[in-house]
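Have a look at data-v6.cif below; it lists mmCIF, C-alpha atoms.
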data_start
loop_
_atom_site.label_atom_id
_atom_site.label_comp_id
_atom_site.auth_asym_id
_atom_site.auth_seq_id
_atom_site.Cartn_x
_atom_site.Cartn_y
_atom_site.Cartn_z
CA MET A 36 -30.23 -1.13 -5.63
CA GLU A 37 -28.76 -0.48 -9.04
CA MET A 38 -29.26 3.22 -8.44
CA VAL A 39 -27.49 3.07 -5.04
CA LEU A 40 -24.51 1.24 -6.55
CA GLU A 41 -24.36 3.71 -9.43
CA VAL A 42 -24.32 6.70 -7.05
CA LEU A 43 -21.71 5.12 -4.75
CA SER A 44 -19.62 4.23 -7.79
CA TRP A 45 -19.60 7.76 -9.16
CA ILE A 46 -18.94 9.32 -5.75
CA SER A 47 -15.89 7.06 -5.43
CA ILE A 48 -14.67 7.75 -8.94
CA CYS A 49 -15.01 11.51 -8.46
CA GLY A 50 -13.23 11.22 -5.08
CA GLY A 51 -10.40 9.34 -6.78
CA LEU A 52 -10.14 11.99 -9.47
CA PHE A 53 -10.10 14.70 -6.80
CA PHE A 54 -7.13 13.10 -5.01
CA MET A 55 -5.36 12.56 -8.34
CA LEU A 56 -5.84 16.25 -9.13
CA VAL A 57 -4.66 17.38 -5.68
CA GLY A 58 -1.65 15.05 -5.94
CA THR A 59 -0.75 16.57 -9.30
CA ILE A 60 -1.15 20.12 -7.95
CA GLY A 61 1.09 19.07 -5.06
CA ILE A 62 3.77 17.75 -7.41
CA LEU A 63 3.76 21.11 -9.19
CA ARG A 64 3.64 23.33 -6.08
CA LEU A 65 5.97 21.62 -3.62
CA PRO A 66 9.61 22.70 -3.61
CA ASP A 67 11.84 19.60 -3.88
CA VAL A 68 11.97 15.92 -4.75
CA TYR A 69 11.24 14.65 -1.23
CA THR A 70 8.20 16.83 -0.59
CA ARG A 71 6.89 16.03 -4.08
CA LEU A 72 7.05 12.33 -3.25
CA HIS A 73 4.50 12.97 -0.49
CA ALA A 74 2.10 14.42 -3.06
CA ALA A 75 2.77 11.56 -5.49
CA GLY A 76 1.91 9.16 -2.68
CA MET A 77 -1.58 10.65 -2.53
CA THR A 78 -2.34 9.70 -6.13
CA ASP A 79 -1.12 6.15 -5.48
CA THR A 80 -3.07 5.48 -2.31
CA MET A 81 -6.29 7.48 -2.35
CA GLY A 82 -6.50 8.49 -6.02
CA ALA A 83 -6.11 5.00 -7.40
CA GLY A 84 -7.86 3.54 -4.34
CA PHE A 85 -11.13 5.44 -4.80
CA LEU A 86 -11.05 4.96 -8.58
CA ILE A 87 -10.72 1.19 -8.10
CA LEU A 88 -13.42 1.24 -5.41
CA GLY A 89 -15.74 2.98 -7.88
CA LEU A 90 -14.98 0.37 -10.53
CA CYS A 91 -15.65 -2.36 -7.93
CA PHE A 92 -19.17 -0.96 -7.44
CA GLN A 93 -19.65 -1.08 -11.21
CA ALA A 94 -18.50 -4.71 -11.26
CA ILE A 95 -20.87 -5.61 -8.38
CA SER A 96 -23.73 -3.92 -10.21
CA GLY A 97 -22.92 -5.89 -13.37
CA MET A 98 -22.65 -9.11 -11.34
CA MET A 99 -26.12 -8.63 -9.86
CA HIS A 100 -27.74 -8.02 -13.22
CA ASP A 101 -26.70 -9.52 -16.52
CA HIS A 102 -23.02 -10.46 -16.06
CA PRO A 103 -22.68 -13.02 -13.22
CA SER A 104 -19.13 -13.85 -14.29
CA TRP A 105 -17.96 -10.33 -13.40
CA TRP A 106 -16.91 -11.47 -9.93
CA THR A 107 -13.54 -12.21 -11.55
CA VAL A 108 -13.35 -8.52 -12.51
CA LEU A 109 -13.99 -7.66 -8.86
CA VAL A 110 -11.24 -10.04 -7.70
CA ARG A 111 -8.81 -8.58 -10.21
CA LEU A 112 -9.58 -5.00 -9.16
CA VAL A 113 -8.93 -5.89 -5.52
CA LEU A 114 -5.67 -7.62 -6.51
CA ILE A 115 -4.57 -4.57 -8.53
CA TYR A 116 -4.98 -2.41 -5.43
CA ALA A 117 -3.22 -4.99 -3.25
CA PHE A 118 -0.21 -5.05 -5.58
CA LEU A 119 -0.23 -1.26 -5.71
CA LEU A 120 -0.14 -1.18 -1.90
CA PHE A 121 2.96 -3.36 -1.87
CA THR A 122 4.86 -1.78 -4.77
CA SER A 123 4.17 1.95 -4.48
CA PRO A 124 5.88 2.51 -1.10
CA ILE A 125 8.90 0.60 -2.38
CA ALA A 126 9.15 2.85 -5.46
CA THR A 127 8.74 5.94 -3.23
CA HIS A 128 11.39 4.66 -0.83
CA ALA A 129 13.79 3.89 -3.71
CA LEU A 130 13.35 7.40 -5.16
CA ALA A 131 13.94 9.05 -1.78
CA ARG A 132 17.06 6.94 -1.18
CA ALA A 133 18.36 7.67 -4.67
CA GLY A 134 17.95 11.36 -3.94
CA LEU A 135 19.84 11.10 -0.65
CA ALA A 136 22.56 8.92 -2.21
CA GLY A 137 22.90 11.49 -5.01
CA GLY A 138 23.46 14.22 -2.43
CA VAL A 139 20.20 16.14 -2.94
CA GLU A 140 19.73 18.19 0.23
CA PRO A 141 16.16 18.16 1.56
CA TRP A 142 14.54 21.58 1.21
CA THR A 143 13.79 23.25 4.49
CA ASN A 144 12.21 26.50 5.64
CA GLU A 145 13.81 26.44 9.06
CA ARG A 146 16.98 28.42 9.67
CA GLY A 147 19.91 27.11 11.64
CA GLU A 148 19.26 23.39 11.34
CA GLY A 149 19.36 20.56 8.85
CA MET B 202 4.77 -30.08 4.48
CA LEU B 203 1.85 -28.10 5.89
CA ARG B 204 3.41 -24.94 4.52
CA ALA B 205 3.78 -26.50 1.08
CA ILE B 206 0.10 -27.51 1.10
CA GLY B 207 -0.89 -24.03 2.27
CA LEU B 208 1.19 -22.47 -0.50
CA GLY B 209 -0.38 -24.82 -3.05
CA LEU B 210 -3.89 -23.99 -1.88
CA ALA B 211 -3.23 -20.25 -1.92
CA LEU B 212 -1.71 -20.44 -5.41
CA PHE B 213 -4.58 -22.53 -6.74
CA VAL B 214 -7.21 -20.16 -5.35
CA PHE B 215 -5.24 -17.31 -6.94
CA TRP B 216 -5.20 -19.22 -10.24
CA LEU B 217 -8.96 -19.89 -10.04
CA ALA B 218 -9.71 -16.24 -9.37
CA LEU B 219 -7.64 -15.03 -12.30
CA SER B 220 -8.68 -17.73 -14.75
CA GLY B 221 -12.47 -17.48 -14.95
CA HIS B 222 -12.60 -20.61 -17.16
CA TYR B 223 -13.78 -23.78 -15.43
CA THR B 224 -13.58 -26.61 -17.96
CA PRO B 225 -11.93 -29.87 -16.82
CA LEU B 226 -9.01 -29.36 -19.22
CA LEU B 227 -8.15 -25.87 -17.98
CA LEU B 228 -8.69 -26.84 -14.33
CA SER B 229 -6.22 -29.71 -14.72
CA PHE B 230 -3.72 -27.26 -16.24
CA GLY B 231 -4.22 -25.13 -13.14
CA VAL B 232 -3.59 -28.05 -10.78
CA LEU B 233 -0.50 -29.05 -12.76
CA SER B 234 1.02 -25.59 -12.84
CA THR B 235 0.31 -25.10 -9.12
CA ALA B 236 1.96 -28.43 -8.32
CA LEU B 237 4.96 -27.53 -10.47
CA VAL B 238 5.40 -24.16 -8.74
CA VAL B 239 5.14 -25.76 -5.27
CA PHE B 240 7.65 -28.47 -6.30
CA ILE B 241 10.15 -25.89 -7.59
CA SER B 242 9.68 -23.72 -4.47
CA VAL B 243 10.32 -26.70 -2.17
CA ARG B 244 13.43 -27.64 -4.16
CA MET B 245 14.66 -24.04 -3.96
CA GLY B 246 14.18 -24.18 -0.19
CA VAL B 247 12.06 -21.01 -0.05
CA VAL B 248 9.05 -22.68 1.60
CA ASP B 249 9.92 -21.60 5.14
CA GLY B 250 8.77 -18.99 7.65
CA ASP B 251 10.22 -16.16 5.55
CA GLY B 252 9.09 -17.35 2.12
CA VAL B 253 5.58 -18.48 3.01
CA PRO B 254 4.58 -16.54 6.14
CA LEU B 255 0.99 -17.77 6.26
CA PRO B 256 0.00 -16.67 9.81
CA ILE B 257 1.64 -13.29 9.24
CA ALA B 258 -0.17 -12.94 5.91
CA VAL B 259 -3.50 -13.48 7.68
CA ARG B 260 -2.64 -10.94 10.39
CA THR B 261 -1.48 -8.47 7.71
CA VAL B 262 -4.89 -8.66 6.06
CA LEU B 263 -6.51 -7.96 9.44
CA TYR B 264 -4.15 -4.98 9.91
CA LEU B 265 -5.02 -3.43 6.52
CA PRO B 266 -8.40 -1.84 7.46
CA TRP B 267 -6.76 0.16 10.24
CA LEU B 268 -3.92 1.16 7.91
CA MET B 269 -6.42 2.25 5.24
CA LYS B 270 -8.17 4.46 7.79
CA GLU B 271 -4.84 6.06 8.73
CA VAL B 272 -3.94 6.50 5.06
CA PHE B 273 -7.26 8.24 4.44
CA VAL B 274 -6.85 10.60 7.39
CA ALA B 275 -3.26 11.43 6.36
CA ASN B 276 -4.37 12.00 2.75
CA VAL B 277 -6.90 14.60 3.87
CA VAL B 278 -4.23 16.34 5.96
CA VAL B 279 -1.72 16.44 3.07
CA ALA B 280 -4.42 17.51 0.59
CA LYS B 281 -5.27 20.46 2.87
CA LEU B 282 -1.56 21.41 3.06
CA VAL B 283 -1.17 21.25 -0.72
CA LEU B 284 -4.31 23.30 -1.42
CA ASP B 285 -3.51 25.95 1.22
CA PRO B 286 -2.48 29.14 -0.64
CA LYS B 287 0.35 29.71 1.88
CA LEU B 288 1.69 26.14 1.49
CA PRO B 289 2.41 25.81 5.24
CA ILE B 290 4.91 22.94 5.09
CA SER B 291 7.94 22.41 7.31
CA PRO B 292 9.76 19.36 5.94
CA ARG B 293 12.35 17.70 8.14
CA MET B 294 14.26 14.46 8.65
CA VAL B 295 13.59 12.58 11.87
CA VAL B 296 14.46 9.19 13.34
CA PHE B 297 11.87 6.82 14.80
CA ARG B 298 12.54 3.69 16.78
CA GLY B 299 10.66 0.56 15.76
CA SER B 300 10.11 -2.41 18.05
CA GLN B 301 10.13 -5.10 15.33
CA ASP B 302 12.62 -7.99 15.55
CA THR B 303 12.46 -9.50 12.07
CA ASP B 304 13.22 -8.05 8.64
CA LEU B 305 9.66 -8.81 7.57
CA GLY B 306 8.25 -6.81 10.49
CA ARG B 307 10.59 -3.89 9.75
CA ALA B 308 9.61 -3.94 6.08
CA LEU B 309 5.94 -3.89 7.10
CA TYR B 310 6.47 -0.92 9.43
CA ALA B 311 8.67 0.98 6.95
CA ASN B 312 6.18 0.46 4.12
CA SER B 313 3.26 1.45 6.35
CA ILE B 314 5.05 4.71 7.16
CA THR B 315 5.77 5.38 3.47
CA LEU B 316 2.22 4.51 2.44
CA THR B 317 0.83 7.13 4.79
CA PRO B 318 1.18 10.44 2.93
CA GLY B 319 3.23 12.99 4.82
CA THR B 320 5.91 10.55 5.95
CA ILE B 321 8.46 8.62 3.85
CA THR B 322 10.97 6.10 5.17
CA THR B 323 14.33 6.94 3.64
CA GLY B 324 16.45 4.39 5.46
CA VAL B 325 16.38 1.63 8.05
CA ARG B 326 19.37 0.86 10.25
CA GLY B 327 18.68 -1.88 12.76
CA GLN B 328 15.74 -0.54 14.76
CA GLU B 329 16.14 3.08 13.65
CA PHE B 330 13.88 4.32 10.88
CA GLU B 331 14.98 7.52 9.12
CA ILE B 332 11.93 9.44 8.04
CA HIS B 333 11.29 12.46 5.86
CA ALA B 334 8.17 14.26 7.06
CA LEU B 335 6.25 16.93 5.17
CA SER B 336 5.27 18.92 8.23
CA ALA B 337 5.72 18.81 11.95
CA ALA B 338 2.04 18.02 12.39
CA ASP B 339 2.54 14.66 10.64
CA LEU B 340 4.74 13.53 13.48
CA GLU B 341 1.95 12.87 15.93
CA THR B 342 3.95 10.47 18.01
CA ASP B 343 0.74 8.96 19.27
CA GLU B 344 -0.28 7.67 15.85
CA GLN B 345 3.24 6.52 15.04
CA SER B 346 3.65 4.52 18.23
CA GLN B 347 0.25 2.96 17.59
CA MET B 348 1.37 1.95 14.09
CA ASP B 349 4.59 0.57 15.57
CA ARG B 350 2.67 -1.50 18.11
CA ARG B 351 0.25 -2.83 15.51
CA CYS B 352 3.09 -3.82 13.15
CA SER B 353 4.82 -5.65 15.99
CA ARG B 354 1.57 -7.46 16.76
CA VAL B 355 1.30 -8.55 13.11
CA GLU B 356 4.86 -9.83 13.32
CA ARG B 357 4.55 -11.74 16.60
CA GLY B 358 0.90 -12.67 16.76
#
Using structure tokens, write down the structure that the file contains.
Amino acid sequence: MEMVLEVLSWISICGGLFFMLVGTIGILRLPDVYTRLHAAGMTDTMGAGFLILGLCFQAISGMMHDHPSWWTVLVRLVLIYAFLLFTSPIATHALARAGLAGGVEPWTNERGEG
Amino acid sequence: MLRAIGLGLALFVFWLALSGHYTPLLLSFGVLSTALVVFISVRMGVVDGDGVPLPIAVRTVLYLPWLMKEVFVANVVVAKLVLDPKLPISPRMVVFRGSQDTDLGRALYANSITLTPGTITTGVRGQEFEIHALSAADLETDEQSQMDRRCSRVERG
């Protein structure tokens, strides 16, 4: 059981790191502020999400063995993700609006429109 | 009154989960601070359908698993776009129509759209949601109308 949790935990943590890395590559490769926000959104949702999931498995493993009080760690990890889910789209939305209000034209690769 | 009790219970459970110390002294501090917060909220007049939307909160939690699935699928799509050597993106601004009646429902829908990588809500005017999309493929109207319907269901029950 401990082994299973350990493997699940590390798969999740590596998955989180992968999405963080891809999000960072996206921020560097994409052409303008709006498209970069899409890449930044990946690190917020899946990057942080899988990292926290991996840490949850660690907390469960600790809970089942020598640290029964670690359920509070589990609750806190879930709350961290919940707050991230509510705040990150608002920050993204605010950045996109600030860009539009500041007159930054969205980059486009289509001729003749927008 | 029921709402105030519900708010108090929710706050106290929250306090218990974050505290981790269960001695009588600290528990009584928890009860006192919860009661104080509920009292202040009632006096401020924010304990109403907008301030403490308990049934909507429950339905939002039930809506989250579906949203997480959508977020995962969209993440994989955007990750593929970003890692593609040709970077095949076609960003554009589009307008969606949402069927939500309340501000809370609109906020839920707008945030769900933003949370899904590939689409960002840049403005909401009445029932029209202005959206910046990373590529045309993200605008599968099927998925979007499903999200719209589910958000409306969370709002109305």
Residues of chain B within 8 Å of chain A, all atoms listed in the file counted, as a ChimeraX atom specification:
/B:218-219,221,272-273,276,279-280,283-284,291-294,312-313,315-324,333,335
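Between CA of Gly209 (chain B) and CA of Val113 (chain A) lies a distance of 20.9 Å.
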Hey, can you check how far CA of Gly138 (chain A) sits from CA of Val295 (chain B)?
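Between these atoms lies a distance of 17.5 Å.
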State, in Å with one decimal place, the distance from CA of Tyr310 (chain B) to CA of Val355 (chain B).
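So the two atoms, CA of Tyr310 (chain B) and CA of Val355 (chain B), lie 9.9 Å apart.
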Would you compute an axis-aligned box for region 302-310 of chain B, covering every atom listed for it in the file with 6 Å of margin on each side, and report centre and edge lengths in Å to one decimal as AutoDock Vina command-line options?
--center_x 9.6 --center_y -5.2 --center_z 10.8 --size_x 19.3 --size_y 20.6 --size_z 21.5
To verify the selection step, state as a CSV table (one decimal) with C-alpha atoms, keeping the file's coordinate frame which residues the PyMOL selection byres ((chain B and resi 216) around 12) yields on this input.
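Result written to result_11.csv:
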chain,number,residue,atom,x,y,z
A,107,THR,CA,-13.5,-12.2,-11.6
A,110,VAL,CA,-11.2,-10.0,-7.7
A,111,ARG,CA,-8.8,-8.6,-10.2
B,209,GLY,CA,-0.4,-24.8,-3.0
B,210,LEU,CA,-3.9,-24.0,-1.9
B,211,ALA,CA,-3.2,-20.2,-1.9
B,212,LEU,CA,-1.7,-20.4,-5.4
B,213,PHE,CA,-4.6,-22.5,-6.7
B,214,VAL,CA,-7.2,-20.2,-5.4
B,215,PHE,CA,-5.2,-17.3,-6.9
B,217,LEU,CA,-9.0,-19.9,-10.0
B,218,ALA,CA,-9.7,-16.2,-9.4
B,219,LEU,CA,-7.6,-15.0,-12.3
B,220,SER,CA,-8.7,-17.7,-14.8
B,221,GLY,CA,-12.5,-17.5,-15.0
B,222,HIS,CA,-12.6,-20.6,-17.2
B,223,TYR,CA,-13.8,-23.8,-15.4
B,227,LEU,CA,-8.2,-25.9,-18.0
B,228,LEU,CA,-8.7,-26.8,-14.3
B,229,SER,CA,-6.2,-29.7,-14.7
B,230,PHE,CA,-3.7,-27.3,-16.2
B,231,GLY,CA,-4.2,-25.1,-13.1
B,232,VAL,CA,-3.6,-28.0,-10.8
B,233,LEU,CA,-0.5,-29.0,-12.8
B,234,SER,CA,1.0,-25.6,-12.8
B,235,THR,CA,0.3,-25.1,-9.1
B,236,ALA,CA,2.0,-28.4,-8.3
B,238,VAL,CA,5.4,-24.2,-8.7
Just want the 9 Å neighbourhood of Gly327 (chain B), counted on all atoms listed in the file, with same-chain residues fewer than 2 positions away dropped. Output as an NGL selection string.
:B and (299 or 307 or 325 or 329-330)
Mind writing the picked residues with C-alpha atoms as a PDB file, in the frame of the given file?
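Result file follows (result11.pdb):
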ATOM      1  CA  GLY B 299      10.660   0.560  15.760  1.00  0.00           C
ATOM      2  CA  ARG B 307      10.590  -3.890   9.750  1.00  0.00           C
ATOM      3  CA  VAL B 325      16.380   1.630   8.050  1.00  0.00           C
ATOM      4  CA  GLU B 329      16.140   3.080  13.650  1.00  0.00           C
ATOM      5  CA  PHE B 330      13.880   4.320  10.880  1.00  0.00           C
TER       6      PHE B 330
END
Could you name the residues that touch Leu309 (chain B) at 9 Å or less, counting all atoms listed in the file, but leaving out those on the same chain fewer than 5 positions away, as a list in words?
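Contacts, in chain order: Thr261, Asp304, Ile314, Cys352, Val355 and Glu356 of chain B.
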Could you tell me which residues the PyMOL selection byres ((chain A and resi 44) around 9) returns for this structure, as a list in words?
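After applying the PyMOL selection byres ((chain A and resi 44) around 9), what remains is Val39, Leu40, Glu41, Val42, Leu43, Trp45, Ile46, Ser47, Ile48, Cys49, Leu86, Leu88, Gly89, Leu90, Cys91, Phe92 and Gln93 of chain A.
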Please enumerate the residues selected by the PyMOL selection byres ((chain B and resi 347) around 12) when evaluated against the supplied file, formatted as number ranges by chain.
B: 264, 267-268, 271, 299-300, 310, 313-314, 341-346, 348-354
